[in-house]
file final00.txt (compact mmCIF, C-alpha atoms and all ligand atoms)
# COMPACT_ATOMS: atom_id res chain seq x y z
CA MET A 380 -11.18 -51.86 -22.93
CA SER A 381 -8.08 -50.78 -24.86
CA ASN A 382 -5.18 -53.17 -24.82
CA VAL A 383 -2.70 -50.33 -25.46
CA ARG A 384 -0.39 -49.87 -22.45
CA ALA A 385 0.74 -46.33 -21.62
CA GLU A 386 4.46 -47.23 -21.41
CA GLU A 387 4.34 -48.73 -24.91
CA HIS A 388 2.94 -45.56 -26.44
CA SER A 389 6.21 -43.81 -27.04
CA LEU A 390 7.70 -43.74 -30.49
CA ASN A 391 11.45 -43.92 -29.93
CA PRO A 392 13.94 -42.25 -32.34
CA ARG A 393 14.85 -45.56 -33.99
CA GLN A 394 11.18 -46.38 -34.59
CA PHE A 395 10.49 -42.89 -35.93
CA GLN A 396 13.42 -43.24 -38.35
CA GLU A 397 12.18 -46.67 -39.45
CA LEU A 398 8.76 -45.20 -40.06
CA CYS A 399 10.19 -42.26 -42.04
CA ASP A 400 12.19 -44.69 -44.22
CA MET A 401 9.10 -46.78 -44.89
CA VAL A 402 6.99 -43.72 -45.81
CA TYR A 403 9.75 -42.39 -48.08
CA GLU A 404 10.16 -45.70 -49.86
CA ILE A 405 6.44 -46.20 -50.50
CA THR A 406 5.22 -42.65 -51.10
CA GLY A 407 8.25 -40.40 -51.69
CA ILE A 408 7.05 -38.23 -48.78
CA VAL A 409 9.94 -36.90 -46.70
CA LEU A 410 8.90 -36.72 -43.05
CA LYS A 411 10.88 -34.17 -41.11
CA GLU A 412 11.48 -34.25 -37.34
CA SER A 413 8.95 -31.37 -37.05
CA LYS A 414 6.21 -33.78 -38.21
CA ARG A 415 6.94 -36.27 -35.45
CA GLU A 416 4.09 -35.14 -33.16
CA MET A 417 1.59 -35.13 -36.02
CA VAL A 418 2.65 -38.60 -37.21
CA TYR A 419 2.52 -39.89 -33.65
CA ARG A 420 -1.04 -38.61 -33.12
CA ARG A 421 -2.29 -40.00 -36.42
CA LEU A 422 -0.75 -43.43 -35.86
CA MET A 423 -1.93 -43.60 -32.25
CA ARG A 424 -5.46 -43.26 -33.60
CA ARG A 425 -4.88 -46.32 -35.82
CA ILE A 426 -3.21 -48.23 -32.97
CA ARG A 427 -6.19 -47.57 -30.71
CA GLU A 428 -8.69 -48.51 -33.41
CA LEU A 429 -6.89 -51.79 -34.00
CA ASN A 430 -6.27 -52.35 -30.30
CA VAL A 431 -2.63 -53.20 -30.98
CA PRO A 432 -0.52 -53.23 -27.79
CA SER A 433 2.48 -51.19 -28.98
CA PHE A 434 4.21 -49.39 -31.82
CA SER A 435 6.56 -52.37 -32.22
CA GLU A 436 3.62 -54.63 -32.84
CA TYR A 437 2.05 -52.11 -35.17
CA PHE A 438 5.28 -52.16 -37.20
CA GLN A 439 5.10 -55.93 -37.33
CA LEU A 440 1.60 -55.63 -38.80
CA LEU A 441 2.93 -53.31 -41.50
CA LYS A 442 5.75 -55.64 -42.36
CA THR A 443 3.70 -58.79 -42.89
CA ASN A 444 3.34 -59.85 -46.50
CA ASP A 445 0.38 -58.19 -48.23
CA SER A 446 -0.26 -56.20 -45.06
CA GLU A 447 -3.88 -55.09 -44.99
CA GLU A 448 -2.86 -52.26 -42.69
CA LEU A 449 -0.45 -50.68 -45.17
CA PRO A 450 -3.10 -48.64 -47.07
CA ASN A 451 -4.51 -47.36 -43.76
CA PHE A 452 -1.01 -46.45 -42.62
CA ILE A 453 -0.43 -44.49 -45.84
CA ASN A 454 -3.83 -42.82 -45.55
CA ALA A 455 -2.94 -41.77 -42.01
CA ILE A 456 0.33 -40.19 -43.15
CA THR A 457 -0.86 -38.11 -46.12
CA THR A 458 -1.91 -34.49 -45.71
CA ASN A 459 -5.00 -33.76 -47.75
CA LEU A 460 -5.62 -30.04 -47.36
CA THR A 461 -7.51 -28.68 -50.36
CA SER A 462 -10.49 -26.51 -51.30
CA PHE A 463 -12.75 -25.56 -54.19
CA TYR A 464 -11.11 -22.91 -56.39
CA ARG A 465 -7.82 -23.19 -54.49
CA GLU A 466 -5.23 -21.02 -56.28
CA SER A 467 -7.99 -19.83 -58.55
CA HIS A 468 -5.63 -18.18 -61.08
CA HIS A 469 -5.13 -21.63 -62.65
CA PHE A 470 -8.84 -21.95 -63.43
CA ASP A 471 -8.93 -18.36 -64.76
CA TYR A 472 -5.97 -19.20 -67.00
CA LEU A 473 -7.80 -22.22 -68.39
CA LEU A 474 -10.97 -20.24 -69.11
CA GLU A 475 -9.36 -17.14 -70.55
CA ASN A 476 -6.21 -18.41 -72.24
CA PHE A 477 -5.81 -22.13 -72.54
CA LEU A 478 -9.23 -23.36 -73.65
CA PRO A 479 -9.67 -20.86 -76.52
CA GLU A 480 -6.21 -21.89 -77.79
CA HIS A 481 -6.96 -25.55 -77.27
CA GLU A 482 -10.14 -25.30 -79.37
CA LYS A 483 -8.00 -24.12 -82.28
CA PHE A 484 -5.43 -26.84 -81.61
CA THR A 485 -7.82 -29.78 -81.46
CA GLY A 486 -10.14 -28.59 -84.26
CA ALA A 487 -12.75 -31.10 -85.35
CA LYS A 488 -11.36 -33.78 -83.02
CA ARG A 489 -12.72 -31.90 -80.00
CA ARG A 490 -10.62 -33.91 -77.61
CA LEU A 491 -9.54 -32.71 -74.19
CA ARG A 492 -7.66 -34.68 -71.53
CA VAL A 493 -7.03 -33.20 -68.10
CA TRP A 494 -5.27 -34.90 -65.19
CA SER A 495 -5.63 -33.88 -61.56
CA SER A 496 -2.71 -35.90 -60.25
CA ALA A 497 -3.11 -35.45 -56.48
CA CYS A 498 -6.83 -34.82 -56.29
CA SER A 499 -7.29 -35.35 -52.54
CA THR A 500 -10.98 -35.14 -51.55
CA GLY A 501 -12.09 -34.01 -55.01
CA GLU A 502 -12.41 -30.24 -54.77
CA GLU A 503 -9.72 -29.76 -57.44
CA PRO A 504 -11.20 -32.06 -60.14
CA TYR A 505 -14.72 -30.77 -59.43
CA THR A 506 -13.49 -27.20 -59.82
CA LEU A 507 -11.91 -28.32 -63.11
CA SER A 508 -15.20 -29.86 -64.17
CA ILE A 509 -17.08 -26.66 -63.31
CA THR A 510 -14.52 -24.71 -65.36
CA LEU A 511 -14.92 -26.97 -68.40
CA ASN A 512 -18.70 -27.09 -68.11
CA LYS A 513 -18.80 -23.30 -67.82
CA TYR A 514 -16.59 -22.89 -70.87
CA PHE A 515 -18.27 -25.40 -73.18
CA GLY A 516 -21.84 -25.20 -71.86
CA ARG A 517 -24.11 -27.76 -73.52
CA GLN A 518 -21.54 -28.19 -76.28
CA ILE A 519 -19.54 -30.29 -73.82
CA ASN A 520 -21.61 -33.29 -74.98
CA LEU A 521 -20.10 -32.87 -78.44
CA TRP A 522 -16.61 -33.11 -76.96
CA ASP A 523 -14.47 -36.08 -76.04
CA CYS A 524 -13.64 -34.41 -72.76
CA LYS A 525 -12.26 -36.29 -69.77
CA ILE A 526 -10.72 -35.49 -66.41
CA LEU A 527 -8.64 -38.16 -64.73
CA ALA A 528 -8.46 -37.61 -60.96
CA THR A 529 -5.92 -39.69 -59.02
CA ASP A 530 -4.49 -39.83 -55.53
CA LEU A 531 -2.51 -42.25 -53.44
CA ASP A 532 -4.89 -42.10 -50.48
CA THR A 533 -7.90 -44.41 -50.78
CA ASN A 534 -9.94 -42.58 -48.11
CA VAL A 535 -9.83 -39.25 -49.92
CA LEU A 536 -10.70 -41.00 -53.18
CA ASP A 537 -13.87 -42.36 -51.56
CA THR A 538 -14.84 -38.83 -50.55
CA SER A 539 -14.04 -37.62 -54.06
CA LYS A 540 -16.27 -40.22 -55.67
CA GLU A 541 -19.11 -39.47 -53.30
CA GLY A 542 -18.94 -35.73 -54.01
CA VAL A 543 -20.64 -34.78 -50.75
CA TYR A 544 -19.21 -31.87 -48.75
CA LYS A 545 -19.96 -29.95 -45.58
CA LEU A 546 -21.80 -26.72 -46.33
CA ASP A 547 -18.92 -24.61 -45.03
CA ARG A 548 -16.64 -26.00 -47.76
CA ILE A 549 -18.56 -23.97 -50.34
CA GLU A 550 -19.48 -20.99 -48.13
CA SER A 551 -17.06 -18.56 -49.75
CA LEU A 552 -17.93 -19.48 -53.36
CA PRO A 553 -19.92 -17.03 -55.49
CA THR A 554 -23.69 -17.56 -55.17
CA LYS A 555 -24.02 -18.42 -58.86
CA ILE A 556 -21.51 -21.24 -58.61
CA LYS A 557 -23.24 -22.62 -55.52
CA LYS A 558 -26.61 -22.43 -57.25
CA ASP A 559 -25.48 -23.91 -60.56
CA TRP A 560 -23.24 -26.75 -59.37
CA PHE A 561 -24.30 -27.87 -55.90
CA GLU A 562 -27.50 -29.18 -54.40
CA SER A 563 -28.59 -29.98 -50.89
CA ALA A 564 -27.58 -33.47 -49.73
CA GLU A 565 -30.26 -33.49 -47.01
CA PRO A 566 -31.93 -35.49 -45.58
CA ASP A 567 -29.24 -38.15 -46.19
CA TYR A 568 -26.44 -35.83 -45.06
CA PRO A 569 -27.67 -32.98 -42.83
CA GLY A 570 -25.59 -29.81 -43.30
CA HIS A 571 -24.01 -31.14 -46.50
CA VAL A 572 -24.19 -30.42 -50.21
CA ARG A 573 -23.71 -32.75 -53.15
CA VAL A 574 -22.01 -31.81 -56.42
CA ASN A 575 -24.24 -31.78 -59.47
CA GLU A 576 -24.12 -35.16 -61.29
CA ILE A 577 -23.16 -33.36 -64.50
CA LEU A 578 -19.80 -32.56 -62.93
CA LYS A 579 -19.13 -36.25 -62.35
CA ASP A 580 -19.92 -37.25 -65.94
CA ILE A 581 -16.48 -36.29 -67.24
CA ILE A 582 -14.37 -37.39 -64.23
CA THR A 583 -12.78 -40.80 -63.60
CA PHE A 584 -11.34 -41.35 -60.12
CA LYS A 585 -8.49 -43.83 -59.70
CA GLN A 586 -5.88 -44.64 -57.12
CA LEU A 587 -2.37 -43.89 -58.33
CA ASN A 588 0.93 -43.54 -56.53
CA LEU A 589 2.97 -40.97 -58.45
CA LEU A 590 6.09 -42.95 -57.56
CA ASN A 591 4.91 -46.12 -59.29
CA ALA A 592 4.46 -46.90 -62.99
CA TRP A 593 1.66 -44.89 -64.63
CA PRO A 594 -0.76 -46.98 -66.68
CA MET A 595 -1.99 -44.01 -68.76
CA LYS A 596 -0.38 -43.30 -72.10
CA GLY A 597 -1.60 -39.74 -72.61
CA PRO A 598 -1.12 -37.37 -74.19
CA PHE A 599 -2.68 -34.98 -71.69
CA ASP A 600 -3.54 -31.41 -72.60
CA VAL A 601 -3.51 -30.17 -69.00
CA ILE A 602 -1.87 -31.57 -65.87
CA PHE A 603 -2.54 -30.27 -62.37
CA CYS A 604 0.10 -31.36 -59.86
CA ARG A 605 -0.47 -28.96 -57.04
CA ASN A 606 0.74 -29.06 -53.45
CA VAL A 607 2.12 -32.57 -53.52
CA LEU A 608 5.65 -32.14 -54.87
CA ILE A 609 6.46 -30.10 -51.74
CA TYR A 610 6.38 -33.35 -49.75
CA PHE A 611 9.08 -34.92 -51.94
CA ASP A 612 12.84 -34.39 -52.16
CA ARG A 613 14.43 -32.80 -55.23
CA PRO A 614 15.37 -36.06 -57.06
CA THR A 615 11.81 -37.36 -56.67
CA GLN A 616 10.33 -34.03 -57.81
CA GLU A 617 12.56 -34.01 -60.88
CA ALA A 618 11.82 -37.65 -61.75
CA ILE A 619 8.06 -36.95 -61.61
CA LEU A 620 8.41 -33.74 -63.59
CA GLU A 621 10.29 -35.64 -66.32
CA LYS A 622 7.42 -38.12 -66.48
CA PHE A 623 4.88 -35.28 -66.76
CA LEU A 624 6.90 -33.86 -69.64
CA LYS A 625 6.67 -37.17 -71.49
CA ILE A 626 2.92 -37.46 -71.09
CA LEU A 627 1.99 -33.78 -71.70
CA ARG A 628 1.47 -32.71 -75.31
CA PRO A 629 3.52 -29.85 -76.76
CA GLY A 630 1.48 -26.73 -76.02
CA GLY A 631 -0.08 -28.46 -73.01
CA ALA A 632 -0.32 -26.76 -69.62
CA LEU A 633 1.25 -27.84 -66.32
CA MET A 634 0.01 -26.26 -63.10
CA LEU A 635 2.01 -26.59 -59.88
CA GLY A 636 1.28 -25.45 -56.33
CA HIS A 637 2.14 -21.97 -55.04
CA SER A 638 5.42 -22.97 -53.38
CA GLU A 639 6.60 -25.53 -55.93
CA SER A 640 9.55 -24.20 -57.90
CA VAL A 641 10.91 -27.40 -59.46
CA ALA A 642 9.82 -26.46 -63.02
CA LYS A 643 11.85 -23.23 -63.00
CA GLY A 644 14.78 -23.46 -65.35
CA TYR A 645 13.42 -26.37 -67.41
CA SER A 646 14.04 -25.34 -71.01
CA GLN A 647 11.00 -27.32 -72.18
CA LEU A 648 8.65 -25.38 -69.90
CA ASP A 649 7.64 -21.82 -70.65
CA PRO A 650 6.38 -19.98 -67.53
CA VAL A 651 3.21 -18.15 -68.56
CA GLY A 652 1.83 -17.12 -65.19
CA ARG A 653 1.96 -17.94 -61.50
CA THR A 654 3.13 -21.60 -61.30
CA THR A 655 1.65 -22.11 -64.78
CA TYR A 656 3.82 -23.61 -67.52
CA ILE A 657 3.34 -24.44 -71.18
CA LYS A 658 5.33 -27.29 -72.68
CA LEU A 659 7.27 -26.08 -75.71
C1 LIG B 701 -2.18 -31.20 -49.93
S1 LIG B 701 -3.05 -32.34 -50.97
C2 LIG B 701 -3.19 -31.37 -52.45
C3 LIG B 701 -4.57 -31.47 -53.07
C4 LIG B 701 -4.81 -30.61 -54.29
N1 LIG B 701 -3.93 -30.96 -55.38
C5 LIG B 701 -4.68 -29.14 -53.96
O1 LIG B 701 -3.68 -28.52 -54.34
O2 LIG B 701 -5.57 -28.61 -53.30
C6 LIG B 701 -1.75 -33.50 -51.37
C7 LIG B 701 -2.28 -34.82 -51.89
O3 LIG B 701 -1.19 -35.56 -52.42
C8 LIG B 701 -1.43 -36.93 -52.19
N2 LIG B 701 -0.16 -37.68 -52.32
C9 LIG B 701 0.89 -37.72 -51.46
N3 LIG B 701 1.85 -38.53 -51.92
C10 LIG B 701 1.41 -39.02 -53.10
C11 LIG B 701 1.94 -39.93 -54.06
N4 LIG B 701 3.14 -40.50 -53.90
N5 LIG B 701 1.19 -40.21 -55.15
C12 LIG B 701 -0.03 -39.65 -55.33
N6 LIG B 701 -0.59 -38.79 -54.46
C13 LIG B 701 0.12 -38.47 -53.35
C14 LIG B 701 -2.01 -36.97 -50.79
O4 LIG B 701 -2.74 -38.14 -50.54
C15 LIG B 701 -2.88 -35.71 -50.79
O5 LIG B 701 -4.23 -35.99 -51.07

call {"tool": "encode", "arguments": {"input": "final00.txt", "output": "structure tokens", "more": "lines below"}}
Ligand SMILES: C[S@@+](CC[C@H](N)C(=O)[O-])C[C@H]1O[C@@H](n2cnc3c(N)ncnc32)[C@H](O)[C@@H]1O
result
Amino acid sequence: MSNVRAEEHSLNPRQFQELCDMVYEITGIVLKESKREMVYRRLMRRIRELNVPSFSEYFQLLKTNDSEELPNFINAITTNLTSFYRESHHFDYLLENFLPEHEKFTGAKRRLRVWSSACSTGEEPYTLSITLNKYFGRQINLWDCKILATDLDTNVLDTSKEGVYKLDRIESLPTKIKKDWFESAEPDYPGHVRVNEILKDIITFKQLNLLNAWPMKGPFDVIFCRNVLIYFDRPTQEAILEKFLKILRPGGALMLGHSESVAKGYSQLDPVGRTTYIKL
């Protein structure tokens, strides 16, 4: 039986503030008062799973040195909404504009580095892999072509690596894409599909907090940073954008999410389409 007492379930304003401060410090995510209910529900799930008696004691767990609960806490806070071909104009831009130019740029080196910097459950990097495989065809084997897919949340990274999705996640995709790049995951996973192994060949999944030091040196040719900067405040957005600018090659492409305007007005970034920028 659960050890969680009803009167201990409330998250008082001081505790909510403490929690917001902790989330901000670790992840850069700014939790607004409007998210209080959502945060409460998500953490209550953890509290019940752990059978911890109260929020106060849950906080104590988080504050212990090397807290094992901290990653679960972070995973519970992040919002991971994504889909295959989300904001599809970015993939069209790669196919029609960027990749033909990049072929000329890289010449005999045939090197391509793409970073999906908040990859969530993997739909974004797999859509990138489909795009590159479609563009290069079998020639992709002659290329030094890599996609780095990172996220802060370890749960979504596990899903990404597995590459198994409910059938309805691909329902709206064109038949040819479904046929070429997905296969049934039954009987292991009834009602699920698995991405074609070929798509995984060029992707490396790693955990990375955008707020911490980045181990990669680059240069990257393409960076996707979509629908994550919206969770950060302006100074954090600008600090991350500056770091992208350092690691993106001149002529490289930066794709942001539909409501992310931080790159506007940066003299080094030339807007070439909807939330699509080329580094000058
Ligand atoms: C809404 S999803 C966006 C997924 C995908 N880029 C898209 O546009 O469909 C936001 C992702 O950002 C990740 N995230 C949040 N804070 C982060 C941080 N500080 N570092 C890295 N990833 C973070 C979350 O875990 C989540 O998976």

call {"tool": "residues_near_ligand", "arguments": {"input": "final00.txt", "ligand": "ligand LIG 701 (chain B)", "cutoff": "7 Å", "atoms": "all atoms listed in the file", "output": "ChimeraX atom specification"}}
result
/A:406-408,454,457-462,465,496-500,503,529-532,535,587-590,604-607,636

call {"tool": "closest_residue", "arguments": {"input": "final00.txt", "among": "A:Arg427, A:Lys585, A:Arg628, A:Arg420", "to": "A:Leu527", "atoms": "only C-alpha atoms"}}
result
A:Lys585

call {"tool": "closest_residue", "arguments": {"input": "final00.txt", "among": "A:Phe452, A:Tyr419, A:Phe434, A:Tyr403", "to": "A:Thr533", "atoms": "all atoms listed in the file"}}
result
A:Phe452

call {"tool": "axis_aligned_box", "arguments": {"input": "final00.txt", "around": "stretch 405-421 of chain A", "padding_each_side": "3 Å", "output": "JSON"}}
result
{"center_x": 4.6, "center_y": -38.8, "center_z": -42.4, "size_x": 19.8, "size_y": 20.8, "size_z": 24.6}

call {"tool": "closest_residue", "arguments": {"input": "final00.txt", "among": "A:Leu635, A:Cys524, A:Ile509, A:Ile556", "to": "A:Glu576", "atoms": "all atoms listed in the file"}}
result
A:Ile509

call {"tool": "residues_near_point", "arguments": {"input": "final00.txt", "point": "(5.8, -46.6, -42.5)", "cutoff": "9 Å", "atoms": "all atoms listed in the file", "output": "number ranges by chain"}}
result
A: 395, 397-405, 438, 441, 449, 452-453, 456

call {"tool": "closest_residue", "arguments": {"input": "final00.txt", "among": "A:Met417, A:Asn575, A:Tyr464, A:Asp523", "to": "A:Ile549", "atoms": "all atoms listed in the file"}}
result
A:Tyr464

call {"tool": "atom_distance", "arguments": {"input": "final00.txt", "atom1": "atom CA of A:Asp612", "atom2": "atom CA of A:Gly644"}}
result
17.2 Å

call {"tool": "closest_residue", "arguments": {"input": "final00.txt", "among": "A:Glu621, A:Glu466, A:Glu448, A:Glu412", "to": "A:Val431", "atoms": "all atoms listed in the file"}}
result
A:Glu448

call {"tool": "atom_distance", "arguments": {"input": "final00.txt", "atom1": "atom CA of A:Tyr505", "atom2": "atom CA of A:Leu578"}}
result
6.4 Å

call {"tool": "decode", "arguments": {"input": "final00.txt", "residues": "stretch 445-511 of chain A", "atoms": "C-alpha atoms", "output": "compact mmCIF listing (two decimals), in the first residue's frame"}}
result
# COMPACT_ATOMS: atom_id res chain seq x y z
CA ASP A 445 25.03 12.06 -6.42
CA SER A 446 21.26 11.73 -6.16
CA GLU A 447 20.12 8.78 -8.25
CA GLU A 448 16.71 10.40 -8.50
CA LEU A 449 17.97 13.56 -10.21
CA PRO A 450 17.93 12.12 -13.78
CA ASN A 451 14.39 10.80 -13.22
CA PHE A 452 13.33 14.18 -11.88
CA ILE A 453 14.74 15.90 -14.99
CA ASN A 454 13.12 13.32 -17.26
CA ALA A 455 9.79 14.00 -15.55
CA ILE A 456 10.10 17.75 -16.14
CA THR A 457 11.04 17.83 -19.84
CA THR A 458 8.40 18.11 -22.54
CA ASN A 459 9.21 15.82 -25.43
CA LEU A 460 6.57 16.52 -28.06
CA THR A 461 7.89 15.71 -31.53
CA SER A 462 6.97 13.88 -34.74
CA PHE A 463 8.41 12.56 -37.99
CA TYR A 464 8.72 15.34 -40.57
CA ARG A 465 7.77 17.99 -38.01
CA GLU A 466 8.15 21.43 -39.66
CA SER A 467 8.90 19.64 -42.89
CA HIS A 468 10.15 22.78 -44.70
CA HIS A 469 13.54 22.22 -43.02
CA PHE A 470 13.93 18.81 -44.64
CA ASP A 471 12.78 20.21 -48.01
CA TYR A 472 15.38 22.96 -47.67
CA LEU A 473 18.11 20.39 -47.03
CA LEU A 474 17.11 18.28 -50.05
CA GLU A 475 16.55 21.09 -52.51
CA ASN A 476 19.00 23.78 -51.46
CA PHE A 477 21.54 22.86 -48.86
CA LEU A 478 22.77 19.42 -49.92
CA PRO A 479 23.46 20.34 -53.58
CA GLU A 480 25.48 23.34 -52.33
CA HIS A 481 27.21 21.26 -49.70
CA GLU A 482 28.35 18.73 -52.31
CA LYS A 483 30.16 21.55 -54.11
CA PHE A 484 31.58 22.84 -50.83
CA THR A 485 32.98 19.56 -49.53
CA GLY A 486 34.19 18.26 -52.92
CA ALA A 487 36.28 15.11 -52.76
CA LYS A 488 36.24 15.09 -48.96
CA ARG A 489 32.57 14.07 -48.98
CA ARG A 490 32.15 14.93 -45.34
CA LEU A 491 28.85 15.86 -43.73
CA ARG A 492 28.17 16.50 -40.05
CA VAL A 493 24.64 17.11 -38.80
CA TRP A 494 23.58 17.70 -35.19
CA SER A 495 20.07 17.21 -33.87
CA SER A 496 20.60 18.98 -30.57
CA ALA A 497 17.31 18.22 -28.77
CA CYS A 498 16.36 14.99 -30.49
CA SER A 499 13.68 13.83 -28.04
CA THR A 500 12.36 10.36 -28.95
CA GLY A 501 14.27 10.24 -32.24
CA GLU A 502 11.75 11.27 -34.89
CA GLU A 503 13.87 14.32 -35.83
CA PRO A 504 17.22 12.51 -36.37
CA TYR A 505 15.48 9.63 -38.17
CA THR A 506 13.76 12.11 -40.48
CA LEU A 507 17.20 13.64 -41.07
CA SER A 508 18.60 10.21 -41.84
CA ILE A 509 15.77 9.50 -44.29
CA THR A 510 16.49 12.85 -45.95
CA LEU A 511 20.20 12.12 -46.33
